[in-house]
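Trainee: Take this structure, written in structure tokens, and hold onto it; I'll ask about it next.
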Amino acid sequence: MSLDVPADLLARAESGEVSDAEFVACVRDSLPYAWQVISEVAADLEGGAADFADHATPPPSEKERGQLLRALASDAIRGGLERHFGMKLAFQNCHRVAAFRPAAVDSETYREFISPAGQLRNQSPALRDC
């Protein structure tokens, strides 16, 4: 299961009454490692002048890797995190997370990061089974 959804939140979701803030709080509480990584890239982006910030440290275990994969593979979760932090997320190698400023989404740097060639250049034998 991707998220630990409290019964009251699930009941409201069934009637379509869930705010972005409630959803993001559920993500934060359910996927703490993913939340930590994405919070860090968001803070790095906000605190710097570059168009993007990234986190490329492999997770400490498969549990944490699973959290990151679940957060970034779900359109709803990724979208909620992007809206919450005001950034565009990009993802490579099952652990490299990048945060881009919204204005940089059409930039050469962003296009390179999400390109097939960019993905291939960021591979290594050590990442084969991640």
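Scheme for the structure tokens: letters A, B, ... for chains in order shown; per-chain residue numbers from 1; ligand numbers from 1 in order shown.
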Determine, counting only C-alpha atoms, which protein, DNA and RNA residues have an atom within 12 Å of an atom of Val105 in chain A; residues of the same chain fewer than 3 positions away are not included. Present the result as a list in words.

Mentor: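 Once the adjacent positions are removed, what remains is Asp51, Phe52, Met87, Lys88, Leu89, Ala90, Ala98, Ala99, Phe100, Arg101, Pro102, Glu108, Thr109, Tyr110, Arg111, Glu112, Phe113 and Ile114 of chain A.
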
Trainee: Write a file of the just-selected residues containing N, CA and C atoms, as a tab-separated table (two decimals), in the first residue's frame.

Mentor:
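So part15.tsv came out as:
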chain	number	residue	atom	x	y	z
A	51	ASP	N	18.75	26.96	-11.51
A	51	ASP	CA	17.43	26.59	-12.00
A	51	ASP	C	16.93	25.28	-11.41
A	52	PHE	N	17.87	24.48	-10.85
A	52	PHE	CA	17.44	23.22	-10.25
A	52	PHE	C	18.37	22.81	-9.13
A	87	MET	N	7.28	23.71	-7.28
A	87	MET	CA	8.39	23.32	-8.15
A	87	MET	C	7.96	22.18	-9.05
A	88	LYS	N	8.79	21.85	-10.01
A	88	LYS	CA	8.57	20.71	-10.89
A	88	LYS	C	9.60	19.65	-10.53
A	89	LEU	N	9.15	18.42	-10.29
A	89	LEU	CA	10.05	17.33	-9.94
A	89	LEU	C	10.43	16.54	-11.19
A	90	ALA	N	11.65	16.04	-11.20
A	90	ALA	CA	12.13	15.13	-12.24
A	90	ALA	C	12.86	14.01	-11.52
A	98	ALA	N	15.29	15.58	-8.78
A	98	ALA	CA	15.63	16.97	-9.05
A	98	ALA	C	14.39	17.83	-8.91
A	99	ALA	N	14.59	19.04	-8.41
A	99	ALA	CA	13.53	20.03	-8.31
A	99	ALA	C	13.91	21.19	-9.22
A	100	PHE	N	13.00	21.56	-10.09
A	100	PHE	CA	13.22	22.66	-11.03
A	100	PHE	C	12.27	23.80	-10.72
A	101	ARG	N	12.76	25.00	-10.90
A	101	ARG	CA	11.89	26.17	-10.79
A	101	ARG	C	10.86	26.09	-11.92
A	102	PRO	N	9.63	26.49	-11.67
A	102	PRO	CA	8.63	26.42	-12.74
A	102	PRO	C	9.06	27.13	-14.02
A	108	GLU	N	16.82	24.39	-21.41
A	108	GLU	CA	17.71	23.36	-21.95
A	108	GLU	C	18.15	22.40	-20.84
A	109	THR	N	18.41	22.92	-19.64
A	109	THR	CA	18.82	22.08	-18.51
A	109	THR	C	17.74	21.07	-18.16
A	110	TYR	N	16.50	21.51	-18.11
A	110	TYR	CA	15.39	20.60	-17.79
A	110	TYR	C	15.22	19.56	-18.90
A	111	ARG	N	15.19	20.02	-20.13
A	111	ARG	CA	15.02	19.08	-21.25
A	111	ARG	C	16.14	18.05	-21.27
A	112	GLU	N	17.36	18.47	-20.95
A	112	GLU	CA	18.48	17.53	-20.91
A	112	GLU	C	18.30	16.53	-19.79
A	113	PHE	N	17.87	17.00	-18.61
A	113	PHE	CA	17.71	16.11	-17.47
A	113	PHE	C	16.69	15.01	-17.76
A	114	ILE	N	15.58	15.36	-18.41
A	114	ILE	CA	14.52	14.38	-18.65
A	114	ILE	C	14.67	13.63	-19.97

Trainee: For Ala73 in chain A, please output as a count of residues only all residues within 12 Å (counting only C-alpha atoms; exclusion window: fewer than 2 positions along the same chain).

Mentor: 21

Trainee: Separation of CA of Val24 in chain A and CA of Ala43 in chain A, in Å?

Mentor: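 Taking CA of Val24 in chain A as the start and CA of Ala43 in chain A as the end point, the length is 16.8 Å.
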
Trainee: Would you compute the distance between CA of Glu22 in chain A and CA of Glu62 in chain A? Give it in Å to one decimal.

Mentor: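 Pair CA of Glu22 in chain A / CA of Glu62 in chain A returns 27.0 Å.
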
Trainee: Set the distance at 9 Å and use only C-alpha atoms: which residues neighbour Asn122 in chain A once local chain neighbours fewer than 3 positions away are removed? I'd like the list as an MDAnalysis selection string.

Mentor: chainID A and resid 92:93 117:119

Trainee: Write out the residues from the selection above, keeping C-alpha atoms, as a PDB file, in the first residue's frame.

Mentor:
ATOM      1  CA  GLN A  92      16.247   9.365 -12.669  1.00  0.00           C
ATOM      2  CA  ASN A  93      17.922   6.132 -11.610  1.00  0.00           C
ATOM      3  CA  ALA A 117      20.327  10.673 -23.452  1.00  0.00           C
ATOM      4  CA  GLY A 118      20.421  12.271 -19.995  1.00  0.00           C
ATOM      5  CA  GLN A 119      19.009   9.112 -18.467  1.00  0.00           C
TER       6      GLN A 119
END

Trainee: Could you go through range 1-84 of chain A and tell me which residues DSSP, when run on the backbone, assigns to strand (DSSP E or B), listing them as a PyMOL selection string?

Mentor: chain A and resi 52-55

Trainee: Quick one: distance from CA of Ala50 in chain A to CA of Val37 in chain A in Å, one decimal?

Mentor: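 Between CA of Ala50 in chain A and CA of Val37 in chain A the gap works out to 18.1 Å.
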
Trainee: From chain A, collect each residue whose DSSP state is helix (DSSP H, G or I) and return the set as a VMD selection string.

Mentor: chain A and resid 7 to 14 20 to 30 32 to 47 62 to 73 75 to 85 102 to 104 108 to 114 116 to 121 125 to 127

Trainee: Can you write out the residues you just picked, keeping C-alpha atoms, as a PDB file, in the first residue's frame?

Mentor:
ATOM      1  CA  ALA A   7     -10.468   6.431   8.127  1.00  0.00           C
ATOM      2  CA  ASP A   8     -11.885   9.975   8.325  1.00  0.00           C
ATOM      3  CA  LEU A   9      -9.764  11.108   5.364  1.00  0.00           C
ATOM      4  CA  LEU A  10     -10.829   8.067   3.351  1.00  0.00           C
ATOM      5  CA  ALA A  11     -14.478   8.792   4.126  1.00  0.00           C
ATOM      6  CA  ARG A  12     -14.074  12.383   2.898  1.00  0.00           C
ATOM      7  CA  ALA A  13     -12.212  11.158  -0.205  1.00  0.00           C
ATOM      8  CA  GLU A  14     -15.111   8.863  -1.027  1.00  0.00           C
ATOM      9  CA  ASP A  20      -4.554  19.459  -1.196  1.00  0.00           C
ATOM     10  CA  ALA A  21      -3.230  20.203   2.299  1.00  0.00           C
ATOM     11  CA  GLU A  22      -4.897  17.076   3.731  1.00  0.00           C
ATOM     12  CA  PHE A  23      -3.587  14.953   0.875  1.00  0.00           C
ATOM     13  CA  VAL A  24      -0.039  16.285   1.214  1.00  0.00           C
ATOM     14  CA  ALA A  25      -0.140  15.699   4.987  1.00  0.00           C
ATOM     15  CA  CYS A  26      -1.131  12.075   4.328  1.00  0.00           C
ATOM     16  CA  VAL A  27       1.794  11.735   1.906  1.00  0.00           C
ATOM     17  CA  ARG A  28       4.179  13.313   4.448  1.00  0.00           C
ATOM     18  CA  ASP A  29       3.060  10.950   7.208  1.00  0.00           C
ATOM     19  CA  SER A  30       2.974   7.836   4.993  1.00  0.00           C
ATOM     20  CA  PRO A  32       8.614  10.041   5.486  1.00  0.00           C
ATOM     21  CA  TYR A  33      11.811   9.241   3.577  1.00  0.00           C
ATOM     22  CA  ALA A  34      10.394  10.514   0.296  1.00  0.00           C
ATOM     23  CA  TRP A  35       9.098  13.601   2.095  1.00  0.00           C
ATOM     24  CA  GLN A  36      12.552  14.237   3.570  1.00  0.00           C
ATOM     25  CA  VAL A  37      14.327  13.946   0.202  1.00  0.00           C
ATOM     26  CA  ILE A  38      11.838  16.147  -1.610  1.00  0.00           C
ATOM     27  CA  SER A  39      11.832  18.700   1.219  1.00  0.00           C
ATOM     28  CA  GLU A  40      15.621  18.875   0.985  1.00  0.00           C
ATOM     29  CA  VAL A  41      15.693  19.478  -2.771  1.00  0.00           C
ATOM     30  CA  ALA A  42      12.930  22.070  -2.368  1.00  0.00           C
ATOM     31  CA  ALA A  43      14.958  23.889   0.306  1.00  0.00           C
ATOM     32  CA  ASP A  44      18.120  23.690  -1.788  1.00  0.00           C
ATOM     33  CA  LEU A  45      16.262  25.109  -4.770  1.00  0.00           C
ATOM     34  CA  GLU A  46      14.718  27.897  -2.735  1.00  0.00           C
ATOM     35  CA  GLY A  47      18.029  28.769  -1.085  1.00  0.00           C
ATOM     36  CA  GLU A  62      14.761  -0.962  -0.133  1.00  0.00           C
ATOM     37  CA  LYS A  63      12.061   0.361   2.216  1.00  0.00           C
ATOM     38  CA  GLU A  64      13.173   3.940   1.612  1.00  0.00           C
ATOM     39  CA  ARG A  65      13.712   3.303  -2.110  1.00  0.00           C
ATOM     40  CA  GLY A  66      10.133   2.023  -2.278  1.00  0.00           C
ATOM     41  CA  GLN A  67       8.844   5.196  -0.658  1.00  0.00           C
ATOM     42  CA  LEU A  68      10.659   7.346  -3.183  1.00  0.00           C
ATOM     43  CA  LEU A  69       9.426   5.254  -6.098  1.00  0.00           C
ATOM     44  CA  ARG A  70       5.826   5.364  -4.837  1.00  0.00           C
ATOM     45  CA  ALA A  71       5.931   9.131  -4.354  1.00  0.00           C
ATOM     46  CA  LEU A  72       7.352   9.881  -7.763  1.00  0.00           C
ATOM     47  CA  ALA A  73       5.528   7.207  -9.765  1.00  0.00           C
ATOM     48  CA  ASP A  75       0.781  11.387 -10.720  1.00  0.00           C
ATOM     49  CA  ALA A  76      -1.426  12.445  -7.789  1.00  0.00           C
ATOM     50  CA  ILE A  77       1.375  12.293  -5.217  1.00  0.00           C
ATOM     51  CA  ARG A  78       3.956  13.929  -7.454  1.00  0.00           C
ATOM     52  CA  GLY A  79       1.480  16.633  -8.451  1.00  0.00           C
ATOM     53  CA  GLY A  80       0.527  17.299  -4.835  1.00  0.00           C
ATOM     54  CA  LEU A  81       4.183  17.631  -3.848  1.00  0.00           C
ATOM     55  CA  GLU A  82       4.895  19.919  -6.798  1.00  0.00           C
ATOM     56  CA  ARG A  83       1.983  22.185  -5.895  1.00  0.00           C
ATOM     57  CA  HIS A  84       2.913  22.174  -2.201  1.00  0.00           C
ATOM     58  CA  PHE A  85       6.550  23.104  -2.787  1.00  0.00           C
ATOM     59  CA  PRO A 102       8.626  26.424 -12.740  1.00  0.00           C
ATOM     60  CA  ALA A 103      10.214  28.979 -15.077  1.00  0.00           C
ATOM     61  CA  ALA A 104      12.990  26.480 -15.891  1.00  0.00           C
ATOM     62  CA  GLU A 108      17.710  23.357 -21.945  1.00  0.00           C
ATOM     63  CA  THR A 109      18.821  22.079 -18.515  1.00  0.00           C
ATOM     64  CA  TYR A 110      15.394  20.598 -17.793  1.00  0.00           C
ATOM     65  CA  ARG A 111      15.021  19.081 -21.251  1.00  0.00           C
ATOM     66  CA  GLU A 112      18.485  17.531 -20.912  1.00  0.00           C
ATOM     67  CA  PHE A 113      17.707  16.107 -17.470  1.00  0.00           C
ATOM     68  CA  ILE A 114      14.517  14.381 -18.645  1.00  0.00           C
ATOM     69  CA  PRO A 116      16.688   9.657 -22.930  1.00  0.00           C
ATOM     70  CA  ALA A 117      20.327  10.673 -23.452  1.00  0.00           C
ATOM     71  CA  GLY A 118      20.421  12.271 -19.995  1.00  0.00           C
ATOM     72  CA  GLN A 119      19.009   9.112 -18.467  1.00  0.00           C
ATOM     73  CA  LEU A 120      21.571   6.941 -20.247  1.00  0.00           C
ATOM     74  CA  ARG A 121      24.483   9.162 -19.193  1.00  0.00           C
ATOM     75  CA  PRO A 125      26.697  -0.871 -13.232  1.00  0.00           C
ATOM     76  CA  ALA A 126      26.139  -0.096  -9.544  1.00  0.00           C
ATOM     77  CA  LEU A 127      22.626   1.111 -10.349  1.00  0.00           C
TER      78      LEU A 127
END

Trainee: Compare A:Val18, A:Leu3, A:Ala56, A:Ala49 by their minimum atom-to-atom distance to Ser74 in chain A, counting only C-alpha atoms, and give me the closest one.

Mentor: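 Smallest distance to Ser74 in chain A is found for A:Leu3.
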